[in-house]
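Raw data38.csv, CSV, C-alpha atoms:
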```csv
chain,number,residue,atom,x,y,z
A,25,MET,CA,-56.2,6.6,-78.0
A,26,SER,CA,-54.7,7.9,-74.8
A,27,PRO,CA,-51.4,9.9,-75.0
A,28,THR,CA,-48.3,8.0,-74.2
A,29,VAL,CA,-46.0,9.4,-71.5
A,30,ALA,CA,-42.6,7.9,-70.6
A,31,ILE,CA,-41.3,8.4,-67.1
A,32,VAL,CA,-37.5,7.9,-66.6
A,33,GLU,CA,-36.8,7.9,-62.9
A,34,ASP,CA,-34.3,5.8,-61.0
A,35,GLU,CA,-36.1,6.2,-57.6
A,36,GLU,CA,-38.4,3.3,-57.4
A,37,ASP,CA,-41.0,4.7,-55.0
A,38,LEU,CA,-41.3,8.0,-56.9
A,39,ARG,CA,-41.4,6.2,-60.3
A,40,GLY,CA,-44.2,3.9,-59.1
A,41,ALA,CA,-46.2,6.8,-57.5
A,42,VAL,CA,-46.0,8.9,-60.7
A,43,ALA,CA,-46.9,6.0,-63.0
A,44,GLU,CA,-49.9,5.0,-60.8
A,45,TYR,CA,-51.2,8.6,-60.5
A,46,LEU,CA,-50.9,9.5,-64.2
A,47,THR,CA,-52.5,6.2,-65.3
A,48,GLY,CA,-55.5,7.0,-63.1
A,49,CYS,CA,-55.7,10.4,-64.9
A,50,GLY,CA,-56.2,8.7,-68.3
A,51,LEU,CA,-52.7,8.6,-69.7
A,52,ARG,CA,-50.8,5.6,-71.0
A,53,ILE,CA,-47.6,5.4,-69.0
A,54,LEU,CA,-44.3,3.7,-69.8
A,55,ALA,CA,-42.0,3.7,-66.8
A,56,ALA,CA,-38.2,3.2,-67.1
A,57,ALA,CA,-35.7,2.9,-64.2
A,58,SER,CA,-32.7,3.9,-66.4
A,59,ALA,CA,-31.7,5.6,-69.6
A,60,GLU,CA,-31.0,2.2,-71.1
A,61,GLU,CA,-34.5,1.0,-70.4
A,62,PHE,CA,-35.9,4.2,-71.9
A,63,ARG,CA,-33.9,3.7,-75.1
A,64,VAL,CA,-35.4,0.3,-75.6
A,65,LEU,CA,-38.9,1.7,-75.1
A,66,ALA,CA,-38.3,4.6,-77.4
A,67,GLN,CA,-37.3,2.3,-80.3
A,68,SER,CA,-40.7,0.6,-80.4
A,69,GLU,CA,-43.1,3.1,-78.9
A,70,ALA,CA,-44.5,6.4,-80.2
A,71,LEU,CA,-44.1,8.7,-77.3
A,72,ASP,CA,-45.9,12.0,-76.8
A,73,VAL,CA,-44.1,13.3,-73.7
A,74,ALA,CA,-41.0,12.1,-71.9
A,75,VAL,CA,-40.3,13.1,-68.2
A,76,LEU,CA,-36.6,12.8,-67.7
A,77,ASP,CA,-34.8,12.8,-64.4
A,78,ILE,CA,-31.6,14.8,-64.9
A,79,ALA,CA,-29.5,13.1,-62.1
A,80,MET,CA,-29.5,9.4,-62.9
A,81,PRO,CA,-26.5,7.2,-62.1
A,82,ASP,CA,-26.0,5.6,-65.5
A,83,GLU,CA,-26.6,8.6,-67.8
A,84,THR,CA,-28.0,12.1,-67.2
A,85,GLY,CA,-31.3,13.2,-68.5
A,86,LEU,CA,-29.5,15.9,-70.5
A,87,SER,CA,-27.5,13.4,-72.5
A,88,LEU,CA,-30.7,11.3,-73.0
A,89,ALA,CA,-32.4,14.4,-74.4
A,90,ARG,CA,-29.6,14.9,-76.9
A,91,TRP,CA,-30.1,11.3,-78.0
A,92,ILE,CA,-33.9,11.9,-78.4
A,93,LYS,CA,-33.3,15.1,-80.4
A,94,ALA,CA,-30.8,13.4,-82.7
A,95,ARG,CA,-33.5,10.8,-83.7
A,96,GLY,CA,-35.5,13.5,-85.4
A,97,SER,CA,-39.2,13.4,-84.5
A,98,ARG,CA,-39.3,13.6,-80.7
A,99,PRO,CA,-41.8,13.8,-77.8
A,100,GLY,CA,-42.2,16.8,-75.7
A,101,ILE,CA,-39.6,16.8,-72.9
A,102,ILE,CA,-40.0,17.7,-69.2
A,103,PHE,CA,-36.8,17.6,-67.1
A,104,ALA,CA,-37.1,16.8,-63.4
A,105,THR,CA,-34.3,18.6,-61.6
A,106,ALA,CA,-33.3,19.0,-58.0
A,107,ALA,CA,-34.0,22.3,-56.3
A,108,GLY,CA,-31.0,24.7,-56.2
A,109,LYS,CA,-29.5,23.6,-59.5
A,110,PRO,CA,-30.4,26.4,-62.0
A,111,HIS,CA,-27.5,25.4,-64.3
A,112,ASP,CA,-29.3,22.2,-65.1
A,113,ARG,CA,-32.5,24.1,-66.0
A,114,ILE,CA,-30.5,26.4,-68.2
A,115,ARG,CA,-28.7,23.6,-70.0
A,116,GLY,CA,-32.1,21.9,-70.5
A,117,LEU,CA,-33.5,25.0,-72.1
A,118,GLU,CA,-30.5,25.3,-74.4
A,119,LEU,CA,-31.2,21.7,-75.6
A,120,GLY,CA,-34.7,22.8,-76.5
A,121,ASP,CA,-36.7,21.0,-73.8
A,122,ASP,CA,-40.4,22.0,-73.4
A,123,ASP,CA,-40.5,22.4,-69.6
A,124,TYR,CA,-38.9,21.4,-66.3
A,125,ILE,CA,-40.2,20.6,-62.8
A,126,VAL,CA,-38.3,20.9,-59.5
A,127,LYS,CA,-38.1,17.8,-57.3
A,128,PRO,CA,-39.8,17.0,-55.0
A,129,TYR,CA,-42.9,18.0,-57.0
A,130,GLU,CA,-46.6,17.7,-56.6
A,131,LEU,CA,-48.1,15.1,-58.9
A,132,ARG,CA,-50.9,17.4,-59.9
A,133,GLU,CA,-48.3,20.0,-61.0
A,134,LEU,CA,-46.6,17.3,-63.2
A,135,LEU,CA,-50.0,16.5,-64.7
A,136,ALA,CA,-50.7,20.1,-65.5
A,137,ARG,CA,-47.3,20.5,-67.3
A,138,ILE,CA,-47.9,17.3,-69.3
A,139,LYS,CA,-51.4,18.5,-70.3
A,140,SER,CA,-49.9,21.9,-71.4
A,141,ILE,CA,-47.4,20.2,-73.7
A,142,LEU,CA,-50.1,17.9,-75.1
A,143,ARG,CA,-52.2,20.9,-76.0
A,144,ARG,CA,-49.5,22.6,-78.0
A,145,LEU,CA,-47.7,19.7,-79.6
A,146,PRO,CA,-50.1,19.3,-82.6
A,147,GLU,CA,-49.6,23.0,-83.4
A,148,GLU,CA,-45.8,23.0,-83.1
A,149,SER,CA,-44.9,19.6,-84.6
A,150,GLY,CA,-47.8,18.9,-87.0
A,151,ARG,CA,-48.4,15.5,-85.2
A,152,ARG,CA,-52.2,15.4,-85.5
A,153,ASP,CA,-52.4,12.0,-83.9
A,154,ILE,CA,-51.9,13.6,-80.5
A,155,PRO,CA,-55.3,14.7,-79.2
A,156,ALA,CA,-55.5,18.2,-77.6
A,157,MET,CA,-57.5,16.7,-74.8
A,158,GLU,CA,-58.6,17.6,-71.3
A,159,ILE,CA,-57.5,14.7,-69.0
A,160,VAL,CA,-60.1,13.9,-66.4
A,161,SER,CA,-59.7,11.5,-63.6
A,162,SER,CA,-62.1,8.6,-63.7
A,163,THR,CA,-61.8,7.9,-59.9
A,164,PRO,CA,-65.4,7.2,-58.6
A,165,VAL,CA,-66.8,8.4,-55.3
A,166,ILE,CA,-64.8,6.7,-52.4
A,167,GLN,CA,-66.7,5.4,-49.4
A,168,ILE,CA,-65.1,5.8,-46.0
A,169,GLY,CA,-67.7,4.3,-43.6
A,170,ARG,CA,-70.6,6.7,-43.5
A,171,LEU,CA,-68.7,9.3,-45.4
A,172,SER,CA,-68.4,9.8,-49.2
A,173,LEU,CA,-65.4,11.4,-50.8
A,174,GLU,CA,-65.7,13.0,-54.2
A,175,PRO,CA,-62.1,13.1,-55.6
A,176,GLU,CA,-62.7,15.8,-58.2
A,177,SER,CA,-64.4,18.3,-55.9
A,178,GLY,CA,-62.7,17.3,-52.7
A,179,ARG,CA,-66.1,17.1,-51.0
A,180,LEU,CA,-66.3,14.8,-48.0
A,181,ALA,CA,-69.9,14.4,-46.8
A,182,GLY,CA,-72.0,12.0,-44.7
A,183,GLY,CA,-75.1,13.7,-43.4
A,184,GLU,CA,-73.2,17.0,-43.3
A,185,ALA,CA,-70.1,18.2,-45.1
A,186,VAL,CA,-66.8,17.7,-43.5
A,187,SER,CA,-64.2,20.4,-44.1
A,188,LEU,CA,-60.8,19.2,-45.3
A,189,SER,CA,-57.7,21.4,-45.9
A,190,HIS,CA,-55.9,21.0,-49.3
A,191,LYS,CA,-53.1,19.1,-47.6
A,192,GLU,CA,-55.5,16.8,-45.8
A,193,LEU,CA,-57.3,16.1,-49.0
A,194,GLU,CA,-54.1,15.2,-50.8
A,195,LEU,CA,-53.1,12.8,-48.1
A,196,LEU,CA,-56.5,11.2,-47.9
A,197,LEU,CA,-56.6,10.7,-51.7
A,198,ALA,CA,-53.1,9.2,-51.6
A,199,LEU,CA,-54.4,6.6,-49.2
A,200,ALA,CA,-57.9,6.0,-50.5
A,201,ARG,CA,-56.7,5.5,-54.1
A,202,ARG,CA,-54.5,2.6,-52.9
A,203,PRO,CA,-56.8,0.6,-50.6
A,204,ASN,CA,-55.5,-2.3,-48.5
A,205,ARG,CA,-51.9,-1.3,-49.4
A,206,LEU,CA,-49.1,-0.4,-47.0
A,207,LEU,CA,-47.7,3.1,-47.8
A,208,THR,CA,-44.6,4.2,-45.9
A,209,ARG,CA,-44.3,7.7,-44.6
A,210,ALA,CA,-41.7,8.5,-47.3
A,211,GLN,CA,-44.2,7.3,-50.0
A,212,LEU,CA,-46.9,9.5,-48.6
A,213,LEU,CA,-44.6,12.4,-48.4
A,214,ASN,CA,-44.0,12.1,-52.2
A,215,LEU,CA,-47.6,11.5,-53.0
A,216,ALA,CA,-49.3,14.2,-50.8
A,217,CYS,CA,-46.9,17.1,-50.3
A,218,THR,CA,-46.5,20.3,-52.4
A,219,PRO,CA,-43.0,21.0,-53.8
A,220,ASP,CA,-42.4,24.1,-51.6
A,221,SER,CA,-43.4,22.2,-48.5
A,222,ASP,CA,-40.9,22.1,-45.6
A,223,LEU,CA,-42.6,19.1,-44.0
A,224,ASP,CA,-40.6,16.1,-42.9
A,225,ILE,CA,-41.5,12.4,-42.8
A,226,ARG,CA,-42.8,12.6,-39.2
A,227,SER,CA,-45.2,15.4,-40.1
A,228,ILE,CA,-47.3,12.8,-41.9
A,229,ASP,CA,-48.2,11.4,-38.5
A,230,VAL,CA,-49.7,14.8,-37.5
A,231,ARG,CA,-51.8,15.0,-40.6
A,232,ILE,CA,-52.9,11.4,-40.2
A,233,ALA,CA,-54.1,12.3,-36.7
A,234,ARG,CA,-56.1,15.3,-38.1
A,235,LEU,CA,-57.7,13.1,-40.7
A,236,ARG,CA,-58.7,10.4,-38.2
A,237,ALA,CA,-60.4,13.1,-36.2
A,238,LYS,CA,-62.6,13.9,-39.2
A,239,VAL,CA,-63.3,10.4,-40.7
A,240,GLU,CA,-63.0,7.9,-37.9
A,241,PRO,CA,-66.0,7.1,-35.6
A,242,THR,CA,-63.5,6.6,-32.8
A,243,PRO,CA,-60.2,8.3,-33.7
A,244,ASP,CA,-58.1,6.6,-31.1
A,245,LYS,CA,-59.3,3.2,-32.4
A,246,PRO,CA,-59.0,3.8,-36.2
A,247,ARG,CA,-60.9,1.4,-38.6
A,248,TYR,CA,-60.2,3.0,-41.9
A,249,ILE,CA,-56.8,4.7,-41.7
A,250,ARG,CA,-54.7,2.1,-39.9
A,251,THR,CA,-51.2,2.2,-38.6
A,252,VAL,CA,-48.8,-0.6,-39.7
A,253,ARG,CA,-46.4,-0.5,-36.8
A,254,GLY,CA,-42.8,0.5,-37.8
A,255,GLU,CA,-43.9,0.7,-41.5
A,256,GLY,CA,-46.5,3.3,-42.3
A,257,TYR,CA,-50.3,3.4,-42.9
A,258,MET,CA,-53.0,1.5,-44.8
A,259,PHE,CA,-56.4,2.6,-45.9
A,260,VAL,CA,-59.1,-0.1,-45.3
A,261,PRO,CA,-62.2,0.9,-47.1
A,262,ASP,CA,-64.7,-1.5,-45.5
A,263,GLY,CA,-63.3,-0.8,-42.0
A,264,ASN,CA,-63.4,-4.5,-41.0
A,265,GLU,CA,-62.3,-5.2,-37.5
A,266,GLN,CA,-58.6,-6.1,-37.2
A,267,ASN,CA,-57.7,-9.7,-36.3
```

Could I get this structure in the form of structure tokens?
Amino acid sequence: MSPTVAIVEDEEDLRGAVAEYLTGCGLRILAAASAEEFRVLAQSEALDVAVLDIAMPDETGLSLARWIKARGSRPGIIFATAAGKPHDRIRGLELGDDDYIVKPYELRELLARIKSILRRLPEESGRRDIPAMEIVSSTPVIQIGRLSLEPESGRLAGGEAVSLSHKELELLLALARRPNRLLTRAQLLNLACTPDSDLDIRSIDVRIARLRAKVEPTPDKPRYIRTVRGEGYMFVPDGNEQN
């Protein structure tokens, strides 16, 4: 059975992006928009890891962690805290949390921290029902016209290999894993940027242009990575002509 991870995050776009990404990586995800929603879930679910946003409007992640700890057997806890607030991290460590991550964070970094906790929980808590597993994405090869993208290796090929930078790959995967779905620039920034990045929303346009130059037959008339005017971008895997 897949490990169960609860995500407590009041920002809807981020909560949805995290839940979708981690589900694709083989985890069972329970997403809560507030501490109140999480309390309801925790009453009926056996959680392995809880990712708690510290700064929530109804109740802080710190007080929620106290409630979890008071219930006895508890999941591993990761606090999500804003950059520049070391006192939150210190208070979290004093409460006995397992880890913390600074927002905005890269989704793969969050996955790595969750995997680390899952590996050591059986040893520390005696809960043998939590598998010490290696989580592997099951995403198949993605076709982009004549090109094939291998998500695990990051290899993009079609006749000859196409070189992608790490940031270009992250952006392409963010789009390709959500076909025929509008993604705003803000969503793409959350999905495809590293936590130490100084990029702003408009920088997404620059990277989109670079990607189109590599994957589109005619970059100035894109078929696969399309602009939704005033909104953002959409990945169209079959490249059908626009109406």

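For the choices A:Arg253, A:Arg98, A:Arg170, A:Lys245, the atom-to-atom distance to Ala70 (chain A) is smallest for A:Arg98 when using all atoms listed in the file.
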
Excluding region 26-32 of chain A and its own-chain neighbours fewer than 3 positions away, which residues fall within 10 Å of it when counting only C-alpha atoms? Please give them as number ranges by chain.
A: 35, 39-40, 42-43, 46-47, 50-62, 65-66, 69-78, 80, 85, 88, 99-104, 138-139, 142, 153-157, 159

Write out as a PyMOL selection string the residues lying within 10 Å of Ser187 (chain A), counting all atoms listed in the file and excluding same-chain residues fewer than 6 positions away.
chain A and resi 178-181+193+238

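Here CA of Glu255 (chain A) stands at a distance of 26.5 Å from CA of Leu171 (chain A).
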
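With distances restricted to all atoms listed in the file, A:Arg231 is the closest residue to Ser189 (chain A) from A:Arg231, A:Glu133, A:Asp123, A:Tyr45.
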
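Each of A:Gln167, A:Asp262, A:Val252, A:Leu196 was checked against Arg236 (chain A) using all atoms listed in the file; the smallest atom-to-atom distance is that of A:Leu196.
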
Which neighbours of Arg209 (chain A) fall inside 7 Å, counting all atoms listed in the file, when residues of the same chain fewer than 2 positions from it are skipped, and could you give them as a ChimeraX atom specification?
/A:207,211-213,225,228,256

Distance in Å - CA of Asp244 (chain A) versus CA of Glu194 (chain A):
21.9 Å

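Rounded to one decimal, CA of Leu38 (chain A) and CA of Gly169 (chain A) lie 29.8 Å from each other.
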